[in-house]
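In what follows, a structure is listed as structure tokens, so that the remarks can point back to it.
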Number of protein chains: 6
Amino acid sequence: MADRLEEFRRFRERMNDRILAAGNLEIKRFFALDTRTYEAGALPVKTKELLGLVASLVLRCDDCITYHVIRCKEEGVTDEELLETFSVGLVVGGSIVIPHLRRAVDMMDRLNAGEAPPSDAPSSAASGPAPHAGAEHGR
Amino acid sequence: MADRLEEFRRFRERMNDRILAAGNLEIKRFFALDTRTYEAGALPVKTKELLGLVASLVLRCDDCITYHVIRCKEEGVTDEELLETFSVGLVVGGSIVIPHLRRAVDMMDRLNAGEAPPSDAPSSAASGPAPHAGAEHGR
Amino acid sequence: MADRLEEFRRFRERMNDRILAAGNLEIKRFFALDTRTYEAGALPVKTKELLGLVASLVLRCDDCITYHVIRCKEEGVTDEELLETFSVGLVVGGSIVIPHLRRAVDMMDRLNAGEAPPSDAPSSAASGPAPHAGAEHGR
Amino acid sequence: MADRLEEFRRFRERMNDRILAAGNLEIKRFFALDTRTYEAGALPVKTKELLGLVASLVLRCDDCITYHVIRCKEEGVTDEELLETFSVGLVVGGSIVIPHLRRAVDMMDRLNAGEAPPSDAPSSAASGPAPHAGAEHGR
Amino acid sequence: MADRLEEFRRFRERMNDRILAAGNLEIKRFFALDTRTYEAGALPVKTKELLGLVASLVLRCDDCITYHVIRCKEEGVTDEELLETFSVGLVVGGSIVIPHLRRAVDMMDRLNAGEAPPSDAPSSAASGPAPHAGAEHGR
Amino acid sequence: MADRLEEFRRFRERMNDRILAAGNLEIKRFFALDTRTYEAGALPVKTKELLGLVASLVLRCDDCITYHVIRCKEEGVTDEELLETFSVGLVVGGSIVIPHLRRAVDMMDRLNAGEAPPSDAPSSAASGPAPHAGAEHGR
């Protein structure tokens, strides 16, 4: 799992750099907009990460769920808060969400057990404008 | 629009009563579970309603969005907070969300203008266990 | 509602005829294939209509749900069987299915009350190969 | 129908103006990005509109389909080309797409019959950067 | 593949136990409701499993498809019946379903070839209330 | 990766042959229809492949994306054209598309680097009616 997380991190970072270097302006702007959307505003970063997490759950995207669980832990979200967010996603999205819920809880447990999160996952100290694009687009 | 809101309310309430009286235990339990999921826990009701709203946006269900916008206003969510929640839904879900975003902002404006929300929409004082099932399953 | 059902029927029939006359062979073949798929085989027509109904519910298509509820009633599906099919759709698809469930139960009630179903809806006697394409593609 | 098209146009324009004036920067940037994405690049505008149309079909968004059918006609797309685009959407997306296909063909026919398209729909002459945001975000 | 099935079974069972022990009441109730929904009622277990299978196919969830194919075989569903269920899912859901159809047919073949199904998959003798929650939530 | 592409190709070909031999007529006809839909008509093959690609992107099916990227390269689609197609899919479908976008760009790069595409992928010379069904249903 640590290996899978590390592999996930490396592929994500390499491809984000690759995509941003590809010269398509619309894709580049979308990535910048995606980063901005989770910055603090009227709602705190923590709430926005919970919103990104529940949206990822009901749309059933494992990579997106992994990213937002990591970010939520960095923002100090507790297990109880994560589980309640999962319960909203499960009730809105139905039993089809269950396989993704299993993997989400497993990820939560591993992060709690001290397994290294992807080493370049944006730390909460860096939750402002991203200094390094590859680190921000984790979904 | 006031008429449409009123028609929405009446149909919703009538059919919720009808469905709960139909004698299918699984459906009945699902409705009870749906109500419980948005009650205060580790996360406050307000945050849970925002989660329900963003999930409804990315899954593109107008009735569900209407319900959660009404509930969010009852919980004191500001326009700025609603708009930031919409922005997360728009970025996660893409331009396909735009027609629903238009209707969501229109609903927000009408509620702000003092148009009567569905008269039996659960008031924030009644956000505990529902005394009347028809009032709770607004989505 | 009778008017809405009648309007639904007329638009559906007119557009099916229009589409089949448009000269696009792939669309024409798809329509023929769609009709064949619900004919009796190893599974009886009734079971296939239940399958079409639950698939329409979890994909949240009102027109498709209306069509299959009408067809199920024609095939002698009871209210209890319909409600159990709805319960599977609700649990698999989640609360986002609820607005469609309301309209599906309302349709079931109206058909039970003797409201004329769309007059050209395929009767169970005509559940073999369709003599008239417009009548079959109700979804 | 002419009325419905006119109503669609007015609501769309009014709400686009309202949303852009709401002061949420991320939503505003998303709308600008959405407009840019369909401008000529390595692919001509016509092909990009066909791409937007087929994506709208398989995601089953009537407002988005209406918008792109209007834009396709403005770009000189023929009925045969539209029907082939519909056939790709139908085969990829399945029979659940059929109700949307009916409305899409009906829209194509009405535009061919000379029914006024929404009067502010972006004309092909204005397919460059939008002078008026309300006119561009038709989906 | 036997290994993959075994790995699937172990992860599923371990995580179901973990999730049920996590103390979130809504998630726990959802799991109990999910189990009940497939028990015999007006419709036999076999029909309900076919409903769960076609819903899983059109929503394109491999884990859910695997679970319901195993359950269908346990309930005595024949290959012809499975293939007809797949054909309804394919026609309703479109070509996007094909990759999942391939894996579903492969699973059917392996079960027919006598490859051990997950050893704790609920046998048809245990299709009443689950004695062990981990065994039931296979999706 | 070459191995994964080769494994993808073998499983796809084996299962397509298996499914076509299974004797279900509706599935067989669907596969034939799927092949026909991408043949030249009013729109050239290249445009149809771009339509299939963007539909696969917004529906988030990696196998389908892989297939259409390979087919697009065979039809002479340039990287700039692929990236613009990706940008339409990203803007319509939202950030939930990003993980699939990463894998799509990676596939494009590997094909450019001369990595053997699946050896039986239909060459552009064979873009007429398929001599061998297994080779055509790549999604």
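Each chain of the structure tokens is named A, B, ... in the order shown, its residues numbered from 1; ligands are numbered from 1 in display order.
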
Once you count only C-alpha atoms, which residues of chain B turn out to be within 8 Å of chain D? Could you give them as a compact mmCIF listing (two decimals) with N, CA and C atoms, in the first residue's frame?
```
# COMPACT_ATOMS: atom_id res chain seq x y z
N GLU B 80 -22.57 34.05 -0.06
CA GLU B 80 -21.17 33.81 -0.44
C GLU B 80 -20.81 32.33 -0.22
N LEU B 83 -22.46 30.31 -2.95
CA LEU B 83 -21.75 30.46 -4.23
C LEU B 83 -20.44 29.67 -4.23
N GLU B 84 -19.74 29.62 -3.11
CA GLU B 84 -18.50 28.83 -3.06
C GLU B 84 -18.80 27.34 -3.15
N SER B 87 -19.37 26.71 -6.65
CA SER B 87 -18.14 26.71 -7.44
C SER B 87 -17.41 25.37 -7.34
N LEU B 90 -19.34 23.05 -9.57
CA LEU B 90 -19.11 23.38 -10.98
C LEU B 90 -17.75 22.87 -11.45
N VAL B 91 -16.71 23.06 -10.64
CA VAL B 91 -15.37 22.64 -11.04
C VAL B 91 -15.26 21.12 -11.02
N SER B 95 -19.02 21.78 -16.98
CA SER B 95 -20.00 22.71 -17.56
C SER B 95 -21.39 22.07 -17.66
N ILE B 96 -21.46 20.77 -17.61
CA ILE B 96 -22.75 20.09 -17.67
C ILE B 96 -23.61 20.48 -16.46
N ILE B 98 -23.88 23.60 -15.43
CA ILE B 98 -24.31 25.00 -15.56
C ILE B 98 -25.83 25.22 -15.58
N PRO B 99 -26.61 24.43 -16.35
CA PRO B 99 -28.07 24.67 -16.31
C PRO B 99 -28.66 24.53 -14.90
N ARG B 102 -27.73 27.64 -12.82
CA ARG B 102 -28.65 28.76 -13.08
C ARG B 102 -29.90 28.66 -12.24
N VAL B 105 -29.11 29.33 -8.45
CA VAL B 105 -28.92 30.74 -8.11
C VAL B 105 -30.27 31.46 -8.15
N ASP B 106 -31.11 31.11 -9.11
CA ASP B 106 -32.46 31.71 -9.19
C ASP B 106 -33.25 31.38 -7.91
```

Mobile chain A fitted to chain B over all in-order Cα pairs, reported as a compact mmCIF listing (two decimals) with N, CA and C atoms, in the first residue's frame:
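And here's selection_30.txt as it stands now:
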```txt
# COMPACT_ATOMS: atom_id res chain seq x y z
N MET A 1 -43.30 31.24 -10.17
CA MET A 1 -42.27 30.53 -9.39
C MET A 1 -42.80 30.17 -8.00
N ALA A 2 -43.46 31.17 -7.38
CA ALA A 2 -44.06 30.86 -6.08
C ALA A 2 -45.01 29.68 -6.27
N ASP A 3 -45.73 29.70 -7.40
CA ASP A 3 -46.65 28.61 -7.68
C ASP A 3 -45.91 27.29 -7.90
N ARG A 4 -44.77 27.39 -8.61
CA ARG A 4 -44.02 26.17 -8.86
C ARG A 4 -43.46 25.61 -7.55
N LEU A 5 -42.99 26.50 -6.69
CA LEU A 5 -42.49 26.06 -5.38
C LEU A 5 -43.61 25.41 -4.58
N GLU A 6 -44.79 26.03 -4.64
CA GLU A 6 -45.93 25.50 -3.90
C GLU A 6 -46.37 24.14 -4.47
N GLU A 7 -46.35 24.07 -5.81
CA GLU A 7 -46.72 22.81 -6.46
C GLU A 7 -45.71 21.72 -6.11
N PHE A 8 -44.42 22.08 -6.13
CA PHE A 8 -43.33 21.17 -5.75
C PHE A 8 -43.56 20.64 -4.33
N ARG A 9 -43.88 21.59 -3.42
CA ARG A 9 -44.10 21.22 -2.03
C ARG A 9 -45.26 20.24 -1.87
N ARG A 10 -46.37 20.56 -2.55
CA ARG A 10 -47.56 19.72 -2.39
C ARG A 10 -47.36 18.33 -2.95
N PHE A 11 -46.77 18.24 -4.13
CA PHE A 11 -46.54 16.93 -4.74
C PHE A 11 -45.59 16.10 -3.87
N ARG A 12 -44.53 16.75 -3.42
CA ARG A 12 -43.54 16.10 -2.58
C ARG A 12 -44.17 15.54 -1.32
N GLU A 13 -44.96 16.38 -0.66
CA GLU A 13 -45.56 15.96 0.60
C GLU A 13 -46.57 14.84 0.39
N ARG A 14 -47.41 15.01 -0.63
CA ARG A 14 -48.43 13.99 -0.92
C ARG A 14 -47.76 12.64 -1.26
N MET A 15 -46.73 12.68 -2.09
CA MET A 15 -46.11 11.43 -2.51
C MET A 15 -45.27 10.80 -1.39
N ASN A 16 -44.64 11.64 -0.56
CA ASN A 16 -43.91 11.05 0.57
C ASN A 16 -44.87 10.30 1.48
N ASP A 17 -46.03 10.92 1.78
CA ASP A 17 -47.03 10.25 2.60
C ASP A 17 -47.50 8.96 1.93
N ARG A 18 -47.75 9.07 0.64
CA ARG A 18 -48.21 7.90 -0.13
C ARG A 18 -47.19 6.76 -0.08
N ILE A 19 -45.92 7.10 -0.30
CA ILE A 19 -44.87 6.08 -0.35
C ILE A 19 -44.67 5.43 1.02
N LEU A 20 -44.69 6.26 2.06
CA LEU A 20 -44.49 5.69 3.41
C LEU A 20 -45.67 4.81 3.82
N ALA A 21 -46.83 5.05 3.22
CA ALA A 21 -48.02 4.25 3.53
C ALA A 21 -48.11 2.98 2.69
N ALA A 22 -47.18 2.84 1.73
CA ALA A 22 -47.32 1.75 0.76
C ALA A 22 -46.95 0.38 1.33
N GLY A 23 -46.29 0.39 2.48
CA GLY A 23 -46.03 -0.89 3.12
C GLY A 23 -44.75 -1.59 2.71
N ASN A 24 -43.88 -0.91 1.96
CA ASN A 24 -42.59 -1.53 1.64
C ASN A 24 -41.58 -1.09 2.70
N LEU A 25 -41.14 -2.05 3.49
CA LEU A 25 -40.32 -1.75 4.66
C LEU A 25 -38.96 -1.15 4.28
N GLU A 26 -38.35 -1.64 3.19
CA GLU A 26 -37.02 -1.16 2.82
C GLU A 26 -37.07 0.33 2.42
N ILE A 27 -38.08 0.68 1.65
CA ILE A 27 -38.21 2.08 1.24
C ILE A 27 -38.43 2.97 2.47
N LYS A 28 -39.29 2.49 3.38
CA LYS A 28 -39.58 3.23 4.62
C LYS A 28 -38.30 3.46 5.43
N ARG A 29 -37.51 2.40 5.55
CA ARG A 29 -36.26 2.52 6.30
C ARG A 29 -35.27 3.44 5.60
N PHE A 30 -35.25 3.40 4.28
CA PHE A 30 -34.35 4.29 3.55
C PHE A 30 -34.72 5.74 3.84
N PHE A 31 -36.03 6.06 3.83
CA PHE A 31 -36.46 7.43 4.08
C PHE A 31 -36.06 7.87 5.51
N ALA A 32 -36.22 6.97 6.47
CA ALA A 32 -35.83 7.31 7.85
C ALA A 32 -34.32 7.55 7.94
N LEU A 33 -33.57 6.71 7.26
CA LEU A 33 -32.11 6.83 7.27
C LEU A 33 -31.67 8.13 6.60
N ASP A 34 -32.36 8.49 5.51
CA ASP A 34 -32.06 9.72 4.80
C ASP A 34 -32.22 10.93 5.74
N THR A 35 -33.29 10.93 6.53
CA THR A 35 -33.52 12.03 7.47
C THR A 35 -32.41 12.10 8.53
N ARG A 36 -32.10 10.95 9.10
CA ARG A 36 -31.08 10.89 10.15
C ARG A 36 -29.71 11.41 9.70
N THR A 37 -29.38 11.13 8.45
CA THR A 37 -28.03 11.42 7.94
C THR A 37 -27.67 12.90 8.00
N TYR A 38 -28.70 13.76 7.98
CA TYR A 38 -28.43 15.20 8.00
C TYR A 38 -28.57 15.82 9.39
N GLU A 39 -28.78 15.00 10.40
CA GLU A 39 -28.87 15.53 11.77
C GLU A 39 -27.47 15.82 12.32
N ALA A 40 -27.41 16.70 13.30
CA ALA A 40 -26.12 17.09 13.87
C ALA A 40 -25.38 15.91 14.48
N GLY A 41 -24.08 15.86 14.25
CA GLY A 41 -23.22 14.82 14.81
C GLY A 41 -21.86 15.44 15.04
N ALA A 42 -20.81 14.76 14.57
CA ALA A 42 -19.48 15.37 14.63
C ALA A 42 -19.45 16.61 13.74
N LEU A 43 -20.21 16.57 12.67
CA LEU A 43 -20.35 17.75 11.79
C LEU A 43 -21.67 18.44 12.09
N PRO A 44 -21.71 19.77 12.07
CA PRO A 44 -22.97 20.48 12.30
C PRO A 44 -23.93 20.32 11.12
N VAL A 45 -25.22 20.56 11.39
CA VAL A 45 -26.25 20.44 10.35
C VAL A 45 -25.90 21.28 9.14
N LYS A 46 -25.41 22.47 9.36
CA LYS A 46 -25.09 23.37 8.25
C LYS A 46 -24.09 22.73 7.28
N THR A 47 -23.02 22.15 7.82
CA THR A 47 -22.02 21.51 6.95
C THR A 47 -22.63 20.32 6.20
N LYS A 48 -23.45 19.55 6.89
CA LYS A 48 -24.07 18.40 6.24
C LYS A 48 -25.00 18.82 5.11
N GLU A 49 -25.70 19.94 5.29
CA GLU A 49 -26.56 20.43 4.21
C GLU A 49 -25.72 20.90 3.01
N LEU A 50 -24.57 21.51 3.29
CA LEU A 50 -23.67 21.90 2.19
C LEU A 50 -23.18 20.65 1.46
N LEU A 51 -22.89 19.58 2.21
CA LEU A 51 -22.46 18.32 1.59
C LEU A 51 -23.57 17.74 0.71
N GLY A 52 -24.80 17.77 1.22
CA GLY A 52 -25.93 17.28 0.43
C GLY A 52 -26.14 18.12 -0.82
N LEU A 53 -25.90 19.42 -0.69
CA LEU A 53 -26.08 20.33 -1.82
C LEU A 53 -25.06 20.07 -2.92
N VAL A 54 -23.77 19.94 -2.54
CA VAL A 54 -22.75 19.75 -3.58
C VAL A 54 -22.90 18.37 -4.23
N ALA A 55 -23.31 17.37 -3.45
CA ALA A 55 -23.55 16.04 -4.03
C ALA A 55 -24.70 16.09 -5.02
N SER A 56 -25.75 16.86 -4.68
CA SER A 56 -26.90 17.00 -5.58
C SER A 56 -26.52 17.75 -6.85
N LEU A 57 -25.63 18.73 -6.72
CA LEU A 57 -25.18 19.51 -7.88
C LEU A 57 -24.41 18.63 -8.86
N VAL A 58 -23.41 17.90 -8.37
CA VAL A 58 -22.59 17.11 -9.30
C VAL A 58 -23.38 15.93 -9.87
N LEU A 59 -24.43 15.48 -9.15
CA LEU A 59 -25.29 14.42 -9.70
C LEU A 59 -26.44 15.02 -10.50
N ARG A 60 -26.55 16.34 -10.51
CA ARG A 60 -27.46 17.08 -11.37
C ARG A 60 -28.93 16.73 -11.17
N CYS A 61 -29.39 16.87 -9.92
CA CYS A 61 -30.79 16.60 -9.58
C CYS A 61 -31.44 17.90 -9.09
N ASP A 62 -32.28 18.53 -9.95
CA ASP A 62 -32.86 19.83 -9.61
C ASP A 62 -33.70 19.81 -8.34
N ASP A 63 -34.54 18.78 -8.18
CA ASP A 63 -35.38 18.72 -6.97
C ASP A 63 -34.51 18.64 -5.71
N CYS A 64 -33.45 17.85 -5.78
CA CYS A 64 -32.55 17.71 -4.63
C CYS A 64 -31.84 19.04 -4.34
N ILE A 65 -31.41 19.73 -5.41
CA ILE A 65 -30.73 21.02 -5.24
C ILE A 65 -31.68 22.02 -4.58
N THR A 66 -32.92 22.10 -5.09
CA THR A 66 -33.92 23.00 -4.53
C THR A 66 -34.10 22.74 -3.03
N TYR A 67 -34.26 21.47 -2.68
CA TYR A 67 -34.44 21.12 -1.28
C TYR A 67 -33.28 21.60 -0.42
N HIS A 68 -32.05 21.31 -0.86
CA HIS A 68 -30.90 21.65 -0.02
C HIS A 68 -30.62 23.16 0.01
N VAL A 69 -30.93 23.89 -1.06
CA VAL A 69 -30.78 25.35 -1.02
C VAL A 69 -31.73 25.93 0.04
N ILE A 70 -32.97 25.45 0.03
CA ILE A 70 -33.94 25.90 1.04
C ILE A 70 -33.43 25.58 2.45
N ARG A 71 -32.97 24.36 2.64
CA ARG A 71 -32.46 23.96 3.96
C ARG A 71 -31.23 24.78 4.37
N CYS A 72 -30.35 25.05 3.40
CA CYS A 72 -29.15 25.84 3.72
C CYS A 72 -29.54 27.24 4.18
N LYS A 73 -30.48 27.87 3.47
CA LYS A 73 -30.92 29.21 3.89
C LYS A 73 -31.50 29.15 5.31
N GLU A 74 -32.26 28.11 5.60
CA GLU A 74 -32.82 27.96 6.94
C GLU A 74 -31.74 27.82 8.00
N GLU A 75 -30.63 27.22 7.61
CA GLU A 75 -29.52 27.03 8.55
C GLU A 75 -28.59 28.24 8.61
N GLY A 76 -28.97 29.31 7.90
CA GLY A 76 -28.19 30.54 7.99
C GLY A 76 -26.98 30.60 7.07
N VAL A 77 -26.92 29.73 6.08
CA VAL A 77 -25.82 29.78 5.11
C VAL A 77 -25.94 31.08 4.32
N THR A 78 -24.82 31.80 4.16
CA THR A 78 -24.85 33.07 3.42
C THR A 78 -24.76 32.83 1.92
N ASP A 79 -25.06 33.88 1.15
CA ASP A 79 -24.96 33.76 -0.31
C ASP A 79 -23.53 33.44 -0.74
N GLU A 80 -22.56 34.05 -0.07
CA GLU A 80 -21.16 33.80 -0.44
C GLU A 80 -20.80 32.32 -0.21
N GLU A 81 -21.30 31.78 0.89
CA GLU A 81 -21.03 30.37 1.17
C GLU A 81 -21.72 29.47 0.14
N LEU A 82 -22.95 29.84 -0.21
CA LEU A 82 -23.66 29.06 -1.24
C LEU A 82 -22.90 29.12 -2.56
N LEU A 83 -22.45 30.31 -2.94
CA LEU A 83 -21.75 30.46 -4.22
C LEU A 83 -20.44 29.66 -4.23
N GLU A 84 -19.75 29.63 -3.10
CA GLU A 84 -18.50 28.83 -3.05
C GLU A 84 -18.81 27.33 -3.15
N THR A 85 -19.90 26.93 -2.54
CA THR A 85 -20.32 25.52 -2.68
C THR A 85 -20.66 25.22 -4.13
N PHE A 86 -21.37 26.16 -4.77
CA PHE A 86 -21.68 25.99 -6.20
C PHE A 86 -20.39 25.90 -7.02
N SER A 87 -19.37 26.71 -6.66
CA SER A 87 -18.13 26.70 -7.45
C SER A 87 -17.41 25.36 -7.33
N VAL A 88 -17.45 24.75 -6.14
CA VAL A 88 -16.85 23.41 -6.02
C VAL A 88 -17.62 22.42 -6.90
N GLY A 89 -18.94 22.48 -6.85
CA GLY A 89 -19.76 21.58 -7.68
C GLY A 89 -19.51 21.79 -9.16
N LEU A 90 -19.33 23.05 -9.56
CA LEU A 90 -19.11 23.38 -10.98
C LEU A 90 -17.75 22.87 -11.44
N VAL A 91 -16.72 23.05 -10.63
CA VAL A 91 -15.37 22.63 -11.03
C VAL A 91 -15.26 21.10 -11.01
N VAL A 92 -15.82 20.46 -10.00
CA VAL A 92 -15.77 18.99 -9.96
C VAL A 92 -16.61 18.40 -11.08
N GLY A 93 -17.81 18.95 -11.28
CA GLY A 93 -18.76 18.32 -12.20
C GLY A 93 -18.72 18.83 -13.62
N GLY A 94 -18.11 20.01 -13.85
CA GLY A 94 -17.96 20.51 -15.21
C GLY A 94 -19.13 21.34 -15.72
N SER A 95 -19.02 21.78 -16.97
CA SER A 95 -20.00 22.71 -17.54
C SER A 95 -21.39 22.08 -17.65
N ILE A 96 -21.45 20.75 -17.60
CA ILE A 96 -22.75 20.08 -17.66
C ILE A 96 -23.61 20.47 -16.45
N VAL A 97 -22.96 21.02 -15.43
CA VAL A 97 -23.66 21.46 -14.21
C VAL A 97 -24.32 22.83 -14.40
N ILE A 98 -23.88 23.60 -15.41
CA ILE A 98 -24.30 25.00 -15.55
C ILE A 98 -25.83 25.20 -15.56
N PRO A 99 -26.61 24.44 -16.34
CA PRO A 99 -28.06 24.67 -16.29
C PRO A 99 -28.65 24.52 -14.88
N HIS A 100 -28.10 23.60 -14.11
CA HIS A 100 -28.58 23.41 -12.73
C HIS A 100 -28.09 24.55 -11.83
N LEU A 101 -26.91 25.05 -12.11
CA LEU A 101 -26.38 26.20 -11.37
C LEU A 101 -27.29 27.42 -11.57
N ARG A 102 -27.72 27.64 -12.82
CA ARG A 102 -28.64 28.77 -13.08
C ARG A 102 -29.89 28.67 -12.23
N ARG A 103 -30.48 27.47 -12.21
CA ARG A 103 -31.72 27.32 -11.44
C ARG A 103 -31.46 27.41 -9.94
N ALA A 104 -30.29 26.99 -9.51
CA ALA A 104 -29.95 27.06 -8.08
C ALA A 104 -29.79 28.52 -7.63
N VAL A 105 -29.11 29.34 -8.46
CA VAL A 105 -28.93 30.75 -8.12
C VAL A 105 -30.28 31.47 -8.14
N ASP A 106 -31.12 31.12 -9.11
CA ASP A 106 -32.45 31.71 -9.19
C ASP A 106 -33.25 31.40 -7.92
N MET A 107 -33.16 30.18 -7.46
CA MET A 107 -33.84 29.77 -6.23
C MET A 107 -33.32 30.57 -5.02
N MET A 108 -32.01 30.70 -4.95
CA MET A 108 -31.38 31.48 -3.87
C MET A 108 -31.91 32.91 -3.88
N ASP A 109 -31.98 33.52 -5.05
CA ASP A 109 -32.45 34.90 -5.17
C ASP A 109 -33.90 35.03 -4.73
N ARG A 110 -34.73 34.10 -5.12
CA ARG A 110 -36.14 34.17 -4.79
C ARG A 110 -36.37 34.01 -3.29
N LEU A 111 -35.59 33.13 -2.70
CA LEU A 111 -35.72 32.97 -1.24
C LEU A 111 -35.25 34.25 -0.55
N ASN A 112 -34.18 34.86 -1.06
CA ASN A 112 -33.71 36.13 -0.49
C ASN A 112 -34.74 37.24 -0.65
N ALA A 113 -35.48 37.21 -1.75
CA ALA A 113 -36.47 38.25 -2.03
C ALA A 113 -37.73 38.07 -1.20
N GLY A 114 -37.72 37.06 -0.36
CA GLY A 114 -38.85 36.88 0.54
C GLY A 114 -39.98 36.05 -0.01
N GLU A 115 -39.72 35.43 -1.18
CA GLU A 115 -40.76 34.55 -1.69
C GLU A 115 -40.91 33.41 -0.71
N ALA A 116 -42.17 33.10 -0.43
CA ALA A 116 -42.42 32.05 0.56
C ALA A 116 -41.73 30.77 0.13
N PRO A 117 -40.87 30.26 1.01
CA PRO A 117 -40.34 28.93 0.73
C PRO A 117 -41.51 27.98 0.95
N PRO A 118 -41.40 26.78 0.44
CA PRO A 118 -42.47 25.82 0.71
C PRO A 118 -42.82 25.89 2.19
N SER A 119 -44.11 26.14 2.49
CA SER A 119 -44.48 26.48 3.86
C SER A 119 -44.19 25.38 4.87
N ASP A 120 -44.09 24.15 4.42
CA ASP A 120 -43.80 23.10 5.40
C ASP A 120 -42.35 22.63 5.35
N ALA A 121 -41.52 23.37 4.64
CA ALA A 121 -40.11 22.98 4.65
C ALA A 121 -39.66 22.98 6.10
N PRO A 122 -38.89 21.99 6.47
CA PRO A 122 -38.52 21.90 7.88
C PRO A 122 -37.81 23.17 8.32
N SER A 123 -38.35 23.86 9.30
CA SER A 123 -37.69 25.05 9.82
C SER A 123 -36.47 24.60 10.60
N SER A 124 -35.54 25.52 10.82
CA SER A 124 -34.32 25.09 11.50
C SER A 124 -34.65 24.65 12.93
N ALA A 125 -35.75 25.17 13.47
CA ALA A 125 -36.16 24.75 14.81
C ALA A 125 -36.54 23.28 14.84
N ALA A 126 -36.94 22.74 13.69
CA ALA A 126 -37.39 21.35 13.62
C ALA A 126 -36.34 20.45 13.00
N SER A 127 -35.08 20.85 13.13
CA SER A 127 -34.05 20.06 12.45
C SER A 127 -33.67 18.79 13.21
N GLY A 128 -34.35 18.56 14.32
CA GLY A 128 -34.18 17.29 15.02
C GLY A 128 -35.00 16.22 14.31
N PRO A 129 -35.23 15.10 15.00
CA PRO A 129 -36.02 14.03 14.40
C PRO A 129 -37.35 14.56 13.87
N ALA A 130 -37.69 14.20 12.65
CA ALA A 130 -38.85 14.77 11.99
C ALA A 130 -40.16 14.33 12.63
N PRO A 131 -41.03 15.29 12.98
CA PRO A 131 -42.33 14.93 13.54
C PRO A 131 -43.27 14.47 12.42
N HIS A 132 -42.94 14.88 11.20
CA HIS A 132 -43.85 14.60 10.08
C HIS A 132 -43.00 14.26 8.87
N ALA A 133 -43.02 12.99 8.51
CA ALA A 133 -42.09 12.51 7.49
C ALA A 133 -42.20 13.29 6.18
N GLY A 134 -43.42 13.66 5.82
CA GLY A 134 -43.62 14.34 4.54
C GLY A 134 -42.80 15.62 4.43
N ALA A 135 -42.54 16.22 5.56
CA ALA A 135 -41.84 17.50 5.52
C ALA A 135 -40.34 17.34 5.31
N GLU A 136 -39.83 16.16 5.57
CA GLU A 136 -38.38 16.03 5.59
C GLU A 136 -37.77 15.59 4.27
N HIS A 137 -38.48 14.81 3.50
CA HIS A 137 -37.85 14.25 2.30
C HIS A 137 -38.07 15.14 1.11
N GLY A 138 -37.39 16.25 1.13
CA GLY A 138 -37.68 17.26 0.13
C GLY A 138 -37.01 16.99 -1.19
N ARG A 139 -35.95 16.22 -1.16
CA ARG A 139 -35.22 16.07 -2.42
C ARG A 139 -36.15 15.51 -3.45
```
